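Undergrad: Below are the structure tokens for one structure; questions will follow.
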Amino acid sequence: MAVAKNQHSRKKPAANKTNPDASLRKHLVELLNAGNAHVTMADAFADFSAEKRGAYANGLEHTAWHLLEHLRIAQWDILEFSHNPKHVSPDFPEGYWPKTPGPRNDAEWTKSVQSVASDLRAMIRLVTNPRTDLFVPLPWGDGQTVLREALVLADHNAYHVGQMVDLRRALGIWKKS
Ligand code: NI
């Protein structure tokens with residue numbers, strides 16, 4: 001049987017042929033890290049003067065604390081949804097934003113920045129794990145896949161990082177031109 005089958009099979013791909021699965025995972029990591037095209041999340045919040053963390057800029061809706069916490073909560077939600085069947089999402093939209101314009105103290109800000117970084121690393125580990133099927137719909141979702149969640153996360157992060165850079169420029173605390 002196997003022999004008969006093989007007679008009709010095409011030539012085996014060369015050993016060094018591109019692996020589409022590995023290639024896709026690599027592109028997703030690059031997208032999540034955002035480093036190739038623009039400012040990363042870590043850059044956006046780096047060296048942020050404490051007295052400006054809850055400050056509004058003319059014409060802009062959000063403070064840096066709003067944006068930081070919103071990024072953290074949304075990313076955590078996407079990460080948990082992507083691997084945890086028991087995850088319960090916050091109420092939308094109020095559960096995705098902080099209650100106050102600024103953090104209570106330095107520790108609260110630092111903790112949020114660290115969570116943003118570690119949850120991003122966790123999402124990247126999930127996406128790069130060869131045992132993670134990128135394409136199978138998550139059994140606890142309604143059609144979402146890990147691929148879809150990774151794309152949604154990268155898109156959402158990029159959107160708010162862009163807002164963050166504009167906010168820093170408007171507040172006069174963006175070092176880059
Ligand atoms: Ni958002």
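The way I read the labels, and the way they are meant: chains A, B, ... in the order of the structure tokens, residue 1 as the first residue of every chain, and ligand 1 as the first ligand shown, with later ones counted on from there.
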At a cut-off of 9 Å around ligand 1, and using only C-alpha atoms and all ligand atoms, what residues come up? Please write them as a PDB file with N, CA and C atoms, in the first residue's frame.

TA:
```pdb
ATOM      1  N   LEU A  67      -3.185  54.831  29.405  1.00  0.00           N
ATOM      2  CA  LEU A  67      -2.705  54.027  28.279  1.00  0.00           C
ATOM      3  C   LEU A  67      -1.924  52.804  28.755  1.00  0.00           C
ATOM      4  N   HIS A  70      -4.392  50.340  30.325  1.00  0.00           N
ATOM      5  CA  HIS A  70      -5.243  49.777  29.274  1.00  0.00           C
ATOM      6  C   HIS A  70      -4.474  48.725  28.469  1.00  0.00           C
ATOM      7  N   LEU A  71      -3.236  49.036  28.126  1.00  0.00           N
ATOM      8  CA  LEU A  71      -2.398  48.059  27.415  1.00  0.00           C
ATOM      9  C   LEU A  71      -2.181  46.810  28.269  1.00  0.00           C
ATOM     10  N   ALA A  74      -5.629  44.765  28.628  1.00  0.00           N
ATOM     11  CA  ALA A  74      -6.054  44.148  27.365  1.00  0.00           C
ATOM     12  C   ALA A  74      -5.105  43.017  26.972  1.00  0.00           C
ATOM     13  N   TYR A  96     -11.432  47.641  31.331  1.00  0.00           N
ATOM     14  CA  TYR A  96     -10.173  47.698  30.584  1.00  0.00           C
ATOM     15  C   TYR A  96      -9.416  49.011  30.788  1.00  0.00           C
ATOM     16  N   HIS A 156      -3.424  45.977  18.598  1.00  0.00           N
ATOM     17  CA  HIS A 156      -3.875  46.798  19.719  1.00  0.00           C
ATOM     18  C   HIS A 156      -2.693  47.496  20.396  1.00  0.00           C
ATOM     19  N   ASN A 157      -1.624  46.750  20.619  1.00  0.00           N
ATOM     20  CA  ASN A 157      -0.431  47.352  21.237  1.00  0.00           C
ATOM     21  C   ASN A 157       0.113  48.487  20.381  1.00  0.00           C
ATOM     22  N   TYR A 159      -1.370  50.382  18.219  1.00  0.00           N
ATOM     23  CA  TYR A 159      -2.276  51.528  18.221  1.00  0.00           C
ATOM     24  C   TYR A 159      -2.040  52.419  19.446  1.00  0.00           C
ATOM     25  N   HIS A 160      -2.000  51.785  20.616  1.00  0.00           N
ATOM     26  CA  HIS A 160      -1.870  52.585  21.836  1.00  0.00           C
ATOM     27  C   HIS A 160      -0.434  53.052  22.088  1.00  0.00           C
TER      28      HIS A 160
END
```

Undergrad: Can you check which parts of stretch 62-158 of chain A lie within 8 Å of stretch 37-52 of chain A? Per residue, the shortest pair of atoms and distance in Å to one decimal, counting only C-alpha atoms, sorted by chain and number, as a tab-separated table.

TA:
```
residue	atom	partner	partner_atom	distance
A:Ala64	CA	A:Lys52	CA	7.8
A:Leu68	CA	A:Phe45	CA	7.7
A:Asp106	CA	A:Ala50	CA	7.1
A:Val113	CA	A:Phe45	CA	7.4
A:Ala117	CA	A:Ala42	CA	7.1
A:Asn157	CA	A:Met41	CA	7.5
```

Undergrad: Counting only C-alpha atoms, figure out which residue out of A:Glu69, A:Val88, A:Asn58, A:Glu94 gets nearest to A:Ser115.

TA: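 Between A:Glu69, A:Val88, A:Asn58, A:Glu94, the residue approaching A:Ser115 most closely is A:Glu69.
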
Undergrad: Counting only C-alpha atoms, figure out which residue out of A:Val152, A:Asp77, A:Tyr56, A:Glu108 gets nearest to A:Gly95.

TA: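 The closest residue to A:Gly95 is A:Asp77.
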
Undergrad: What does the structure give for the distance between atom CA of A:Trp97 and atom CA of A:Gln144, in Å to one decimal?

TA: 23.4 Å

Undergrad: Closest to A:Thr63 among A:Thr110, A:Ile78, A:Thr100, A:Ala122, using only C-alpha atoms?

TA: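 Counting only C-alpha atoms, the residue closest to A:Thr63 is A:Thr100.
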
Undergrad: Find, counting only C-alpha atoms, the residue in A:His27, A:Ala34, A:Thr18, A:Phe92 that gets nearest to A:Gly162.

TA: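 Using only C-alpha atoms, A:Gly162 sits closest to A:Ala34.
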
Undergrad: Which residue, A:Ala57, A:Leu134, A:Leu153, A:Ala170, has the smallest gap to A:Leu79 when you use only C-alpha atoms?

TA: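 Nearest candidate to A:Leu79 out of A:Ala57, A:Leu134, A:Leu153, A:Ala170: A:Leu153.
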
Undergrad: To one decimal place in Å, what is the distance between atom CA of A:Val146 and atom CA of A:Ser82?

TA: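 We find that atom CA of A:Val146 and atom CA of A:Ser82 lie 5.8 Å from each other.
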
Undergrad: Calculate how many Å separate atom CA of A:Ala107 from atom CA of A:Arg53, rounding to one decimal.

TA: 12.5 Å

Undergrad: Could you check the closest approach to A:Trp76 for each of A:Asp119, A:Glu149, A:Asp133, A:Asp155 and tell me which residue wins, using only C-alpha atoms?

TA: A:Asp119

Undergrad: Would you pick out the contacts of stretch 137-142 of chain A at 10 Å or less, using only C-alpha atoms, so that residues sharing its chain but fewer than 4 positions from it are not included, and give the list as a list of chain:residue names?

TA: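 Surrounding residues, per the criterion: A:Phe81, A:Ser82, A:His83, A:Asn84, A:Pro85, A:Lys86, A:His87, A:Asp133, A:Val146, A:Leu147, A:Arg148.
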
Undergrad: For the structure I just gave you, how does DSSP split chain A - specifically, which residues are helix (DSSP H, G or I)? Reply as a PyMOL selection string.

TA: chain A and resi 2-8+20-33+41-45+50-52+64-83+94-96+106-128+146-171

Undergrad: Tell me which protein, DNA and RNA residues are within 9 Å of A:Ala150, counting only C-alpha atoms, leaving out same-chain ones fewer than 6 positions away, and put them as a list in words.

TA: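 That gives Leu28, Val29, Leu31, Leu32, Ile78, Leu79, Ser82, Met123, Ile124 and Val127 of chain A.
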
Undergrad: I need the chosen residues saved as a PDB file, in the first residue's frame, with N, CA and C atoms.

TA:
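See out21.pdb below for the written result:
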```pdb
ATOM      1  N   LEU A  28       5.349  36.453  13.545  1.00  0.00           N
ATOM      2  CA  LEU A  28       4.479  36.896  14.642  1.00  0.00           C
ATOM      3  C   LEU A  28       5.302  37.477  15.789  1.00  0.00           C
ATOM      4  N   VAL A  29       6.431  36.844  16.097  1.00  0.00           N
ATOM      5  CA  VAL A  29       7.286  37.354  17.172  1.00  0.00           C
ATOM      6  C   VAL A  29       7.809  38.743  16.806  1.00  0.00           C
ATOM      7  N   LEU A  31       6.412  40.868  14.862  1.00  0.00           N
ATOM      8  CA  LEU A  31       5.273  41.783  14.935  1.00  0.00           C
ATOM      9  C   LEU A  31       4.971  42.159  16.390  1.00  0.00           C
ATOM     10  N   LEU A  32       4.985  41.161  17.274  1.00  0.00           N
ATOM     11  CA  LEU A  32       4.702  41.420  18.690  1.00  0.00           C
ATOM     12  C   LEU A  32       5.792  42.274  19.320  1.00  0.00           C
ATOM     13  N   ILE A  78      -6.000  39.046  26.575  1.00  0.00           N
ATOM     14  CA  ILE A  78      -5.747  38.289  25.341  1.00  0.00           C
ATOM     15  C   ILE A  78      -4.861  37.073  25.634  1.00  0.00           C
ATOM     16  N   LEU A  79      -3.821  37.277  26.435  1.00  0.00           N
ATOM     17  CA  LEU A  79      -2.926  36.174  26.800  1.00  0.00           C
ATOM     18  C   LEU A  79      -3.684  35.076  27.530  1.00  0.00           C
ATOM     19  N   SER A  82      -6.030  33.159  25.429  1.00  0.00           N
ATOM     20  CA  SER A  82      -5.357  32.310  24.440  1.00  0.00           C
ATOM     21  C   SER A  82      -4.932  30.951  24.999  1.00  0.00           C
ATOM     22  N   MET A 123       3.222  35.723  25.921  1.00  0.00           N
ATOM     23  CA  MET A 123       2.507  35.545  24.650  1.00  0.00           C
ATOM     24  C   MET A 123       3.477  35.069  23.571  1.00  0.00           C
ATOM     25  N   ILE A 124       4.681  35.609  23.578  1.00  0.00           N
ATOM     26  CA  ILE A 124       5.682  35.202  22.595  1.00  0.00           C
ATOM     27  C   ILE A 124       6.076  33.736  22.826  1.00  0.00           C
ATOM     28  N   VAL A 127       3.297  31.614  21.369  1.00  0.00           N
ATOM     29  CA  VAL A 127       3.298  31.631  19.903  1.00  0.00           C
ATOM     30  C   VAL A 127       4.475  30.827  19.334  1.00  0.00           C
TER      31      VAL A 127
END
```
